[in-house]
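K.L.:
If you scroll down you'll find the structure; I have some questions about it.
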Amino acid sequence: MEGNCSEIKKLFAENDKTIVIDGEKKKQALEQIRTNMQGNASSVQKSKWQILKIQICYMDKAILLMHLTVCIGFVLLGKWQFWERSSTIFACVLGALSLIEVSHMFFSGMTEVEESCYFNVRQIVVFRMACSGIISLAALLAALVTAGGEEGVPVMEMGLYMLVPFVFTECVCMTVMITESGRRNKVVLIAAGIFSVLFWSVLSCVPHLYEASATAFWGLAFFAGMGISAIQTKRFFRALEKGEILCVD
Amino acid sequence: MCRLELMGIEKTYKDKKAVKDLTVGFDNGVYGLLGENGAGKTTLMRMIVGILKPTQGQICCDGIPIQQLGGAYRSLLGYLPQDFGYYKDFTAVRFLNYIAALKAVDPETAKERIAHILETVGLAEYRDKKLKTFSGGMIRRIGIAQALLNEPEILILDEPTAGLDPKERVRFRNIISSLGKKRIVILSTHIVSDVAYIANQIILMKHGQFVKTGTQEQMLAPVSGCVWKCTVPEEIAAELNETYAVSNLKGCGEQIELRIVSKKKPHPDAVIVEPVLEDAYLYYDI
């Protein structure tokens with residue numbers, strides 16, 4: 001039976017060699033079939049924006065609200081003393097919160113159902129990453145402007161003091177989220193976030209760290225962090241595509 | 001109506017083959033996947049849904065690989081996983097609205113459908129209660145409600161009756177039977193009687209392979225003449241239980257009544273009886 005199958009496949013492959021396939025027409029035909037299928041599916045919305053709007057309305061917003069609260073607190077930081085150290089620590093907290101917000105769907109065990117939906121897990125993750133990223137970056141920017149305006153601190157340096165711990169904390173949390181125990185257990189991810197905050201708290205006490213001579217170190221750390229972050233994000237999406245991390249058991 | 005085809009699909013986890021070279025086609029109707037734990041039912045269903053990618057082979061809907069169809073294919077799907085997760089603090093209505101949004105059902109249609117589906121699954125009066133207050137059976141019912149929200153053409157139910165009490169199981173069977181008339185329903189279970197009641201086609205799975213496929217009659221035909229019943233003392237019952245595949249064992253006073261699946265007569269007093277699906281399951285398992 002297996003032999004017959006491979007012979008038939010060979011025959012098909014031989015015959016197909018002579019057929020010229022027009023790539024453009026093939027694409028059009030596939031698009032037409034997709035449209036027909038969506039026509040079969042009753043009342044499917046075509047507009048992604050509409051889907052996002054309704055999602056925002058019904059999604060779990062508890063962590064999002066917590067994130068917003070921390071952001072507001074962070075913006076007010078501009079008026080604080082020891083702004084360098086404080087901004088480093090707060091940026092860590094924001095980084096951890098951003099990832100916890102994204103990972104919330106894994107802890108609920110909803111990913112299997114969500115992946116079977118029209119708007120699937122990868123799209124939800126992108127949407128949530130964008131939401132939490134925009135909120136965090138807006139807070140970082142607002143804090144930067146506030147501190148820069150009122151305290152007269154150098155904007156580039158302060159940007160680095162915030163972005164480096166933010167990106168590194170995201171990397172640490174994402175590394176944990178890719179592991180099975182990190183996805184199954186919220187505590188592990190929170191612990192990773194706390195670890196990162198503690199690590200940066202200790203590091204922020206190192207003498208001369210916030211002096212102008214250390215700017216090159218911060219710059220290097222930023223680019224390294226961005227690189228690691230890109231690799232981790234790619235790994236995470238590849239794992240999502242493979243599907244195994246979506247399964248509950 | 002659409003046709004779903006599995007063409008030589010395989011799934012390998014590291015060094016273990018969970019599903020081996022499966023080829024089958026599905027048209028409208030209820031298909032019951034029957035097999036013990038670890039037979040590969042859940043892996044197969046996850047591949048059909050598109051959560052897992054087959055290591056080899058292709059799954060096609062109306063002749064096109066499901067990966068190419070993407071969202072168009074998912075808009076035809078309804079899926080109830082074995083371990084159904086949910087947001088505990090959501091009310092039933094909010095949860096269904098959230099899923100409706102993911103399924104891209106427009107809000108007006110979603111509102112009507114949610115009311116209708118909650119009625120169908122008997123949860124209308126709990127619509128504003130939080131899911132964390134629901135019993136296991138009620139959660140299962142919410143699970144099937146979310147799977148039906150987009151009026152799917154392909155409905156995949158993994159162990160839909162697990163953890164349900166007898167009354168809820170009967171209700172579920174009736175819901176699923178009525179759904180199979182207009183769509184492809186594939187359900188997996190290891191509760192043989194569920195499949196016997198609901199499925200038009202039965203697929204028996206073992207070690208990641210199809211052992212036997214067919215209607216209930218086709219499954220039972222080869223078993224006819226191989227199912228025996230006898231009433232014997234306890235010691236002999238223990239012996240027979242060791243030697244043969246016993247599909248039922250019932251105490252009758254001092255004696256034990258056994259239902260045995262065997263090609264040869266297991267005991268001089270044994271008489272042939274009509275086979276049922278549970279006997280067939282044991283027969284193909286031998």
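If you're wondering about the labels, chains in the structure tokens are A, B, ... by order shown, residues count from 1 in each chain, ligands from 1 in order shown.
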I'd like the contact shell of Met174 in chain A - 10 Å cut-off, only C-alpha atoms, skipping same-chain residues fewer than 6 positions apart - returned as a PyMOL selection string.
P.N.:
chain A and resi 96+99-100+102-103+168+182-183+189+192+229+232-233+235-236
K.L.:
Mind checking DSSP for range 28-146 of chain B and telling me the alpha helix (DSSP H) residues as a ChimeraX atom specification?
P.N.:
/B:41-49,66-69,71-74,92-102,107-120,136-146
K.L.:
Using only C-alpha atoms, select each residue of chain B with any atom at most 9 Å away from an atom of chain A, and give the selection as a PyMOL selection string.
P.N.:
chain B and resi 1+46+49-53+64+68-90+94-95+97-107+109+146-147+150-153
K.L.:
Would you mind listing what lies within 7 Å of Leu160 in chain A as a ChimeraX atom specification, with only C-alpha atoms counted and same-chain residues fewer than 4 positions away left out?
P.N.:
/A:156,164,218-219,222
K.L.:
Figure out the distance between CA of Val185 in chain B and CA of Gly25 in chain B, please, to one decimal in Å.
P.N.:
12.5 Å
K.L.:
List as a PyMOL selection string the protein and nucleic acid residues near Ala91 in chain A, meaning an atom at most 9 Å away when only C-alpha atoms are counted, but skip any in the same chain fewer than 5 places from it.
P.N.:
chain A and resi 74+86+96+136+140+161-167+169+197
K.L.:
Just to be explicit: take each residue in the selection above, keep N, CA, C and O atoms, and write the result as a tab-separated table (two decimals), in the first residue's frame.
P.N.:
```tsv
chain	number	residue	atom	x	y	z
A	74	PHE	N	4.96	56.68	38.02
A	74	PHE	CA	6.27	56.84	37.40
A	74	PHE	C	6.44	58.25	36.83
A	74	PHE	O	7.51	58.86	36.94
A	86	SER	N	15.78	56.03	41.00
A	86	SER	CA	14.34	55.75	41.05
A	86	SER	C	13.79	55.40	39.66
A	86	SER	O	13.01	54.48	39.50
A	96	ALA	N	8.44	44.51	33.76
A	96	ALA	CA	7.86	43.27	34.28
A	96	ALA	C	6.34	43.27	34.10
A	96	ALA	O	5.76	42.28	33.65
A	136	SER	N	3.72	51.79	28.42
A	136	SER	CA	5.00	51.93	29.14
A	136	SER	C	5.87	53.01	28.51
A	136	SER	O	6.44	53.84	29.21
A	140	LEU	N	7.33	56.39	30.06
A	140	LEU	CA	8.77	56.70	30.07
A	140	LEU	C	9.02	58.09	29.46
A	140	LEU	O	9.77	58.89	29.99
A	161	TYR	N	18.91	55.47	31.12
A	161	TYR	CA	18.74	54.94	32.47
A	161	TYR	C	17.38	54.24	32.64
A	161	TYR	O	17.23	53.38	33.49
A	162	MET	N	16.41	54.65	31.80
A	162	MET	CA	15.09	54.02	31.88
A	162	MET	C	14.98	52.84	30.92
A	162	MET	O	14.49	51.78	31.27
A	163	LEU	N	15.44	53.05	29.66
A	163	LEU	CA	15.22	52.02	28.64
A	163	LEU	C	16.04	50.76	28.87
A	163	LEU	O	15.56	49.66	28.64
A	164	VAL	N	17.27	50.92	29.36
A	164	VAL	CA	18.13	49.73	29.55
A	164	VAL	C	17.51	48.76	30.56
A	164	VAL	O	17.30	47.59	30.24
A	165	PRO	N	17.16	49.21	31.78
A	165	PRO	CA	16.53	48.25	32.72
A	165	PRO	C	15.18	47.74	32.22
A	165	PRO	O	14.83	46.58	32.44
A	166	PHE	N	14.43	48.60	31.50
A	166	PHE	CA	13.13	48.20	30.95
A	166	PHE	C	13.30	47.03	29.98
A	166	PHE	O	12.64	45.99	30.10
A	167	VAL	N	14.21	47.20	29.04
A	167	VAL	CA	14.43	46.16	28.01
A	167	VAL	C	14.99	44.89	28.65
A	167	VAL	O	14.54	43.78	28.33
A	169	THR	N	14.64	43.81	31.74
A	169	THR	CA	13.60	43.13	32.52
A	169	THR	C	12.65	42.38	31.59
A	169	THR	O	12.26	41.25	31.86
A	197	VAL	N	14.13	43.56	39.26
A	197	VAL	CA	14.03	44.84	39.99
A	197	VAL	C	15.13	44.92	41.05
A	197	VAL	O	15.82	45.94	41.18
```
K.L.:
Which residues are near Ile194 in chain A? Cut-off 12 Å, only C-alpha atoms, ignore same chain within fewer than 2 positions. Put them as a list in words.
P.N.:
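Counting only the stated atoms, we get Ile89, Phe90, Cys92, Val93, Leu94, Gly95, Ala96, Leu97, Ile100, Thr169, Glu170, Val172, Cys173, Val187, Val188, Leu189, Ile190, Ala191, Ala192, Ser196, Val197, Leu198, Phe199, Trp200 and Ser201 of chain A.
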K.L.:
I want to know what sits within 10 Å of range 257-271 of chain B, based on only C-alpha atoms, with residues of the same chain fewer than 6 positions away left out; could you give that as a PyMOL selection string?
P.N.:
chain B and resi 223-234+236-237+240-241+243-251+278-283+286
K.L.:
Give me a file of those residues, with C-alpha atoms, as a PDB file, in the first residue's frame.
P.N.:
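Everything below was put into part-v4.pdb:
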```pdb
ATOM      1  CA  VAL B 223     -17.752  -9.185  16.834  1.00  0.00           C
ATOM      2  CA  SER B 224     -20.992 -11.085  16.355  1.00  0.00           C
ATOM      3  CA  GLY B 225     -20.569 -14.594  17.756  1.00  0.00           C
ATOM      4  CA  CYS B 226     -17.638 -13.544  19.914  1.00  0.00           C
ATOM      5  CA  VAL B 227     -19.510 -12.199  22.940  1.00  0.00           C
ATOM      6  CA  TRP B 228     -20.417 -14.657  25.686  1.00  0.00           C
ATOM      7  CA  LYS B 229     -22.308 -14.506  28.902  1.00  0.00           C
ATOM      8  CA  CYS B 230     -22.000 -16.946  31.797  1.00  0.00           C
ATOM      9  CA  THR B 231     -22.740 -17.084  35.498  1.00  0.00           C
ATOM     10  CA  VAL B 232     -20.029 -18.815  37.532  1.00  0.00           C
ATOM     11  CA  PRO B 233     -18.724 -19.042  41.119  1.00  0.00           C
ATOM     12  CA  GLU B 234     -16.337 -16.355  42.327  1.00  0.00           C
ATOM     13  CA  ILE B 236     -13.868 -19.380  38.357  1.00  0.00           C
ATOM     14  CA  ALA B 237     -14.855 -15.761  37.620  1.00  0.00           C
ATOM     15  CA  LEU B 240     -11.808 -16.181  33.535  1.00  0.00           C
ATOM     16  CA  ASN B 241     -11.119 -12.521  34.266  1.00  0.00           C
ATOM     17  CA  THR B 243      -7.609 -15.249  30.862  1.00  0.00           C
ATOM     18  CA  TYR B 244     -10.201 -13.396  28.771  1.00  0.00           C
ATOM     19  CA  ALA B 245     -11.281  -9.862  27.940  1.00  0.00           C
ATOM     20  CA  VAL B 246     -14.208  -9.264  30.279  1.00  0.00           C
ATOM     21  CA  SER B 247     -16.487  -6.410  29.230  1.00  0.00           C
ATOM     22  CA  ASN B 248     -18.786  -6.650  32.244  1.00  0.00           C
ATOM     23  CA  LEU B 249     -18.797  -8.294  35.639  1.00  0.00           C
ATOM     24  CA  LYS B 250     -21.857  -8.337  37.881  1.00  0.00           C
ATOM     25  CA  GLY B 251     -22.539  -9.989  41.220  1.00  0.00           C
ATOM     26  CA  GLU B 278     -18.119  -1.769  24.425  1.00  0.00           C
ATOM     27  CA  ASP B 279     -17.573  -5.404  23.416  1.00  0.00           C
ATOM     28  CA  ALA B 280     -16.336  -4.262  20.002  1.00  0.00           C
ATOM     29  CA  TYR B 281     -13.902  -1.866  21.677  1.00  0.00           C
ATOM     30  CA  LEU B 282     -12.416  -4.765  23.629  1.00  0.00           C
ATOM     31  CA  TYR B 283     -12.496  -7.046  20.581  1.00  0.00           C
ATOM     32  CA  ILE B 286      -7.214  -7.673  21.907  1.00  0.00           C
TER      33      ILE B 286
END
```
K.L.:
Find the residue from A:Cys131, A:Ala13, A:Val202, A:Ala216 that sits nearest to Ile63 in chain A; use only C-alpha atoms when measuring.
P.N.:
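Closest candidate: A:Cys131.
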K.L.:
Leaving out Lys129 in chain B and any residue of its chain fewer than 5 positions from it, which residues lie within 9 Å of it when counting only C-alpha atoms, given as a ChimeraX atom specification?
P.N.:
/B:90-93,134
K.L.:
With N, CA, C and O atoms retained, could you export that selection as a PDB file, in the first residue's frame?
P.N.:
```
ATOM      1  N   PHE B  90     -14.740  36.487  34.917  1.00  0.00           N
ATOM      2  CA  PHE B  90     -15.707  36.910  33.892  1.00  0.00           C
ATOM      3  C   PHE B  90     -17.077  36.313  34.198  1.00  0.00           C
ATOM      4  O   PHE B  90     -17.172  35.177  34.675  1.00  0.00           O
ATOM      5  N   THR B  91     -18.126  37.060  33.887  1.00  0.00           N
ATOM      6  CA  THR B  91     -19.461  36.463  33.950  1.00  0.00           C
ATOM      7  C   THR B  91     -19.641  35.645  32.668  1.00  0.00           C
ATOM      8  O   THR B  91     -18.873  35.817  31.712  1.00  0.00           O
ATOM      9  N   ALA B  92     -20.669  34.788  32.657  1.00  0.00           N
ATOM     10  CA  ALA B  92     -20.906  33.936  31.483  1.00  0.00           C
ATOM     11  C   ALA B  92     -21.085  34.795  30.234  1.00  0.00           C
ATOM     12  O   ALA B  92     -20.490  34.510  29.181  1.00  0.00           O
ATOM     13  N   VAL B  93     -21.856  35.863  30.355  1.00  0.00           N
ATOM     14  CA  VAL B  93     -22.143  36.708  29.196  1.00  0.00           C
ATOM     15  C   VAL B  93     -20.877  37.430  28.717  1.00  0.00           C
ATOM     16  O   VAL B  93     -20.610  37.483  27.512  1.00  0.00           O
ATOM     17  N   PHE B 134     -19.229  28.560  38.950  1.00  0.00           N
ATOM     18  CA  PHE B 134     -19.868  27.476  38.183  1.00  0.00           C
ATOM     19  C   PHE B 134     -19.318  26.098  38.584  1.00  0.00           C
ATOM     20  O   PHE B 134     -18.143  25.981  38.941  1.00  0.00           O
TER      21      PHE B 134
END
```
